[in-house]
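As stored in my_file06.cif (mmCIF, C-alpha atoms):
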data_data
loop_
_atom_site.label_atom_id
_atom_site.label_comp_id
_atom_site.auth_asym_id
_atom_site.auth_seq_id
_atom_site.Cartn_x
_atom_site.Cartn_y
_atom_site.Cartn_z
CA MET M 961 -1.75 50.28 40.18
CA ARG M 962 -2.22 50.98 36.45
CA ALA M 963 -1.82 54.72 37.01
CA ALA M 964 1.25 54.19 39.19
CA ASP M 965 2.84 51.87 36.63
CA ALA M 966 2.17 54.35 33.80
CA SER M 967 3.56 57.35 35.68
CA SER M 968 6.59 55.43 36.94
CA ALA M 969 7.40 54.33 33.39
CA VAL M 970 7.50 58.00 32.35
CA LEU M 971 9.58 58.99 35.38
CA GLY M 972 11.97 56.09 34.82
CA ARG M 973 12.72 57.32 31.28
CA ALA M 974 13.33 60.94 32.37
CA ALA M 975 17.04 61.77 32.11
CA VAL M 976 16.83 64.20 35.04
CA PHE M 977 16.54 61.34 37.55
CA SER M 978 19.66 59.37 38.41
CA ARG M 979 17.84 56.77 40.51
CA MET M 980 14.28 55.59 41.01
CA VAL M 981 13.00 53.09 43.56
CA TYR M 982 9.53 51.93 42.57
CA ALA M 983 9.45 48.16 42.90
CA VAL M 984 10.69 46.73 46.17
CA ASP M 985 12.38 43.37 45.86
CA GLY M 986 13.79 41.04 48.47
CA ALA M 987 17.24 42.60 48.10
CA ALA M 988 15.90 46.05 49.02
CA VAL M 989 14.09 44.71 52.06
CA GLU M 990 17.24 42.86 53.15
CA ALA M 991 19.31 46.03 52.64
CA TRP M 992 16.93 48.01 54.87
CA ARG M 993 16.94 45.26 57.50
CA SER M 994 20.73 44.95 57.51
CA PHE M 995 21.10 48.75 57.71
CA PHE M 996 19.12 48.82 60.95
CA ALA M 997 20.60 45.54 62.19
CA ARG M 998 24.04 47.20 62.32
CA THR M 999 22.62 49.52 64.97
CA ALA M 1000 20.36 46.94 66.62
CA ARG M 1001 21.29 47.96 70.13
CA GLY M 1002 20.13 51.53 69.46
CA CYS M 1003 16.94 50.38 67.74
CA SER M 1004 15.91 48.11 70.57
CA ALA M 1005 14.71 50.73 73.02
CA THR M 1006 11.02 50.86 72.10
CA PRO M 1007 8.35 52.08 74.53
CA SER M 1008 6.97 48.59 75.13
CA GLY M 1009 10.46 47.03 75.07
CA ALA M 1010 11.84 49.53 77.55
CA ALA M 1011 8.89 49.02 79.89
CA GLY M 1012 9.40 45.26 80.14
CA GLY M 1013 13.16 45.15 80.35
CA GLY M 1014 13.52 46.45 83.91
CA GLU M 1015 13.31 44.63 87.17
CA GLY M 1016 11.51 41.31 87.22
CA GLY M 1017 12.94 40.10 83.89
CA GLY M 1018 10.00 41.24 81.70
CA GLY M 1019 12.26 41.43 78.66
CA VAL M 1020 13.49 37.88 79.24
CA ARG M 1021 9.90 36.62 79.61
CA ARG M 1022 8.96 38.25 76.29
CA ALA M 1023 12.01 36.82 74.49
CA LEU M 1024 11.61 33.29 75.86
CA PRO M 1025 8.85 32.17 73.42
CA TRP M 1026 11.13 32.96 70.46
CA PHE M 1027 13.65 30.40 71.70
CA HIS M 1028 11.05 27.66 71.29
CA SER M 1029 9.46 29.02 68.11
CA PRO M 1030 9.68 26.84 64.98
CA ILE M 1031 9.98 29.95 62.78
CA GLY M 1032 13.05 31.29 64.54
CA PHE M 1033 13.80 34.75 65.76
CA PRO M 1034 11.82 37.66 64.22
CA GLY M 1035 14.76 40.02 63.74
CA GLY M 1036 16.99 37.62 61.89
CA LEU M 1037 19.87 38.26 64.30
CA THR M 1038 21.60 35.50 66.16
CA LEU M 1039 21.17 34.94 69.86
CA ARG M 1040 24.69 36.23 70.40
CA ASP M 1041 24.00 39.51 68.55
CA ASP M 1042 20.61 40.17 70.18
CA PRO M 1043 20.07 37.89 73.20
CA LEU M 1044 16.68 39.34 74.18
CA GLN M 1045 15.52 39.64 70.57
CA LEU M 1046 14.70 43.30 71.08
CA PHE M 1047 15.60 44.11 67.47
CA GLY M 1048 12.87 41.78 66.20
CA GLN M 1049 10.38 43.41 68.55
CA TRP M 1050 11.52 46.82 67.33
CA GLN M 1051 10.93 45.73 63.72
CA LEU M 1052 7.45 44.43 64.53
CA GLU M 1053 6.53 47.69 66.28
CA ARG M 1054 7.79 49.74 63.34
CA ALA M 1055 5.69 47.59 60.99
CA ARG M 1056 2.57 48.26 63.07
CA LEU M 1057 3.21 52.01 63.14
CA ASN M 1058 4.10 52.28 59.46
CA ARG M 1059 1.34 53.27 57.04
CA LEU M 1060 3.21 51.78 54.08
CA ALA M 1061 2.89 48.15 53.10
CA VAL M 1062 4.48 46.13 50.31
CA VAL M 1063 1.76 45.11 47.85
CA GLN M 1064 2.71 43.49 44.54
CA ASP M 1065 6.34 44.57 45.15
CA ARG M 1066 5.37 48.23 45.58
CA LEU M 1067 5.24 50.51 48.60
CA VAL M 1068 1.52 51.25 49.02
CA ALA M 1069 -0.45 53.38 51.48
CA ALA M 1070 -4.23 53.62 51.72
CA ALA M 1071 -6.07 56.64 53.11
CA ASP M 1072 -9.49 58.18 52.61
CA GLY M 1073 -10.55 55.43 50.21
CA ARG M 1074 -7.63 56.07 47.88
CA THR M 1075 -4.51 54.01 47.25
CA TYR M 1076 -1.12 55.69 46.99
CA VAL M 1077 1.95 54.04 45.49
CA ALA M 1078 5.35 55.48 46.43
CA ALA M 1079 8.21 56.10 44.03
CA LEU M 1080 11.45 57.50 45.41
CA LEU M 1081 13.46 59.60 42.97
CA GLU M 1082 16.90 61.18 43.03
CA THR M 1083 17.83 63.96 40.63
CA GLU M 1084 20.94 63.87 38.48
CA GLY M 1085 21.80 67.52 39.11
CA SER M 1086 21.42 69.94 41.99
CA ALA M 1087 17.89 70.59 43.20
CA PHE M 1088 18.70 74.30 43.14
CA ALA M 1089 19.73 74.39 39.46
CA GLN M 1090 16.98 75.96 37.35
CA ASP M 1091 17.54 73.49 34.51
CA THR M 1092 17.04 70.55 36.90
CA GLN M 1093 13.90 72.19 38.30
CA ARG M 1094 12.41 72.70 34.82
CA GLN M 1095 13.14 69.09 33.84
CA VAL M 1096 11.62 67.69 37.05
CA VAL M 1097 8.46 69.80 36.72
CA ALA M 1098 8.12 68.74 33.06
CA ALA M 1099 8.66 65.05 33.91
CA LEU M 1100 6.04 65.23 36.67
CA ALA M 1101 3.54 66.90 34.32
CA GLU M 1102 4.12 64.12 31.77
CA ALA M 1103 3.76 61.49 34.54
CA ARG M 1104 0.45 63.06 35.63
CA ALA M 1105 -0.84 62.92 32.06
CA ALA M 1106 0.20 59.26 31.74
CA ALA M 1107 -1.49 58.41 35.03
CA LEU M 1108 -4.72 60.09 33.89
CA ARG M 1109 -4.65 58.21 30.59
CA ALA M 1110 -4.19 54.91 32.43
CA ALA M 1111 -6.80 55.60 35.12
CA PRO M 1112 -9.03 58.68 34.87
CA GLY M 1113 -9.32 60.34 38.27
CA ALA M 1114 -5.80 59.36 39.30
CA ASP M 1115 -3.23 61.92 40.30
CA VAL M 1116 0.49 62.10 40.91
CA LEU M 1117 1.42 63.68 44.23
CA ALA M 1118 4.96 64.93 44.54
CA ALA M 1119 7.13 66.37 47.28
CA GLY M 1120 10.78 67.18 47.65
CA VAL M 1121 13.44 69.84 47.84
CA VAL M 1122 13.53 70.33 44.07
CA LEU M 1123 9.83 71.24 43.99
CA HIS M 1124 10.20 73.71 46.85
CA ALA M 1125 13.23 75.21 45.11
CA ALA M 1126 11.28 75.47 41.83
CA ALA M 1127 8.40 77.26 43.59
CA ALA M 1128 10.83 79.64 45.30
CA THR M 1129 12.61 80.33 41.99
CA SER M 1130 9.32 81.09 40.29
CA GLN M 1131 8.23 83.38 43.12
CA ALA M 1132 11.59 85.19 43.13
CA GLN M 1133 11.44 85.72 39.36
CA GLY M 1134 7.91 87.11 39.68
CA GLU M 1135 8.96 89.46 42.46
CA MET M 1136 12.01 90.64 40.49
CA SER M 1137 9.78 91.36 37.48
CA LEU M 1138 7.36 93.29 39.68
CA VAL M 1139 10.18 95.35 41.21
CA GLY M 1140 11.65 95.96 37.74
CA ILE M 1141 8.32 97.15 36.35
CA GLY M 1142 7.76 99.32 39.42
CA SER M 1143 11.23 100.86 39.03
CA LEU M 1144 10.64 101.51 35.32
CA VAL M 1145 7.27 103.18 35.98
CA GLY M 1146 8.76 105.23 38.84
CA THR M 1147 11.68 106.35 36.68
CA ALA M 1148 9.33 107.28 33.82
CA ILE M 1149 7.19 109.36 36.21
CA LEU M 1150 10.23 111.17 37.62
CA LEU M 1151 11.59 111.94 34.16
CA SER M 1152 8.30 113.31 32.82
#

What do you get writing this file as structure tokens?
Amino acid sequence: MRAADASSAVLGRAAVFSRMVYAVDGAAVEAWRSFFARTARGCSATPSGAAGGGEGGGGVRRALPWFHSPIGFPGGLTLRDDPLQLFGQWQLERARLNRLAVVQDRLVAAADGRTYVAALLETEGSAFAQDTQRQVVAALAEARAAALRAAPGADVLAAGVVLHAAAATSQAQGEMSLVGIGSLVGTAILLS
């Protein structure tokens, strides 16, 4: 977590990013839940939910224990909004399938004996603008250095459109230079 905190501090100060989500608070979780709750009927068709909702009342049998539960319904929706509590079941299935967990208010994934902490970033400018690309690459390099200072052996993994665009820009510039040099050499040979 020290490396993630150090790199996120650097990324949070970078002017190229308009928004960063690093710490997940209760408001963010509630926003995600309410976003999906608006479409609860569409979210409710899970493989296990669909299998039990047919003939014989399997869906009703699965929902019945929630009516008597002291903790209430898992989805947070009222009985009127989701009578079979399929949205709550959908949320629980998503949680089981998801590799991310909230640990110390951060989105964390563990794989191959390493711990990864997620930070979601939005750029201020277009991902295809060369100035934005240079600033993002520089900010990520500085974040990597900060992470290594905080925890040697740590690394900052990054993905996104701006990084693909930066790689494509660099490749295109290299190819244009190669074509330019080839044209210059070819012209010099023809003129001599």

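Here atom CA of M:Ala991 stands at a distance of 15.6 Å from atom CA of M:Gly1048.
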
Using only C-alpha atoms, which of M:Met980, M:Leu1144, M:Ala963, M:Val1139 sits nearest M:Leu1080?
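Comparing M:Met980, M:Leu1144, M:Ala963, M:Val1139 against M:Leu1080, the winner is M:Met980.
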
Please enumerate the residues selected by the PyMOL selection byres ((chain M and resi 1086-1088) around 8) when evaluated against the supplied file, formatted as JSON, numbers by chain.
{"M": [1083, 1084, 1085, 1089, 1090, 1092, 1093, 1121, 1122, 1125, 1126]}

Selection result of the PyMOL selection byres ((chain M and resi 973-975) around 9) on this file, as a PyMOL selection string
chain M and resi 968-972+976-978+1083-1084+1095-1096+1099

For atom CA of M:Leu1108 and atom CA of M:Ala966, the interatomic separation in Å (one decimal):
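Here the two named atoms are 9.0 Å from each other.
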
Take atom CA of M:Ala983 and atom CA of M:Trp1050 and report the distance between them in Å, one decimal.
24.6 Å

Nearest residue to M:Thr1075 out of M:Met961, M:Ala1107, M:Phe1047, M:Asp985, using all atoms listed in the file?
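Among M:Met961, M:Ala1107, M:Phe1047, M:Asp985, it is M:Met961 that comes nearest to M:Thr1075.
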
Option closest in space to M:Tyr1076, from M:Leu1151, M:Val1116, M:Met1136, M:Val1097 [counting only C-alpha atoms]:
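So, comparing all the options, the nearest one is M:Val1116.
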
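Using only C-alpha atoms, the nearest neighbour of M:Val1062 within the list M:Ala964, M:Ala1078, M:Val1145, M:Ala1111 is M:Ala1078.
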
Nearest-residue call for M:Val989, choices M:Ala1106, M:Gln1049, M:Leu1057, M:Leu1067, using all atoms listed in the file:
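Between M:Ala1106, M:Gln1049, M:Leu1057, M:Leu1067, the residue approaching M:Val989 most closely is M:Leu1067.
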
Counting all atoms listed in the file, the option among M:Ala997, M:Val1077, M:Leu1046, M:Ala1055 closest to M:Val984
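When distances to M:Val984 are compared using all atoms listed in the file, the smallest one comes from M:Val1077.
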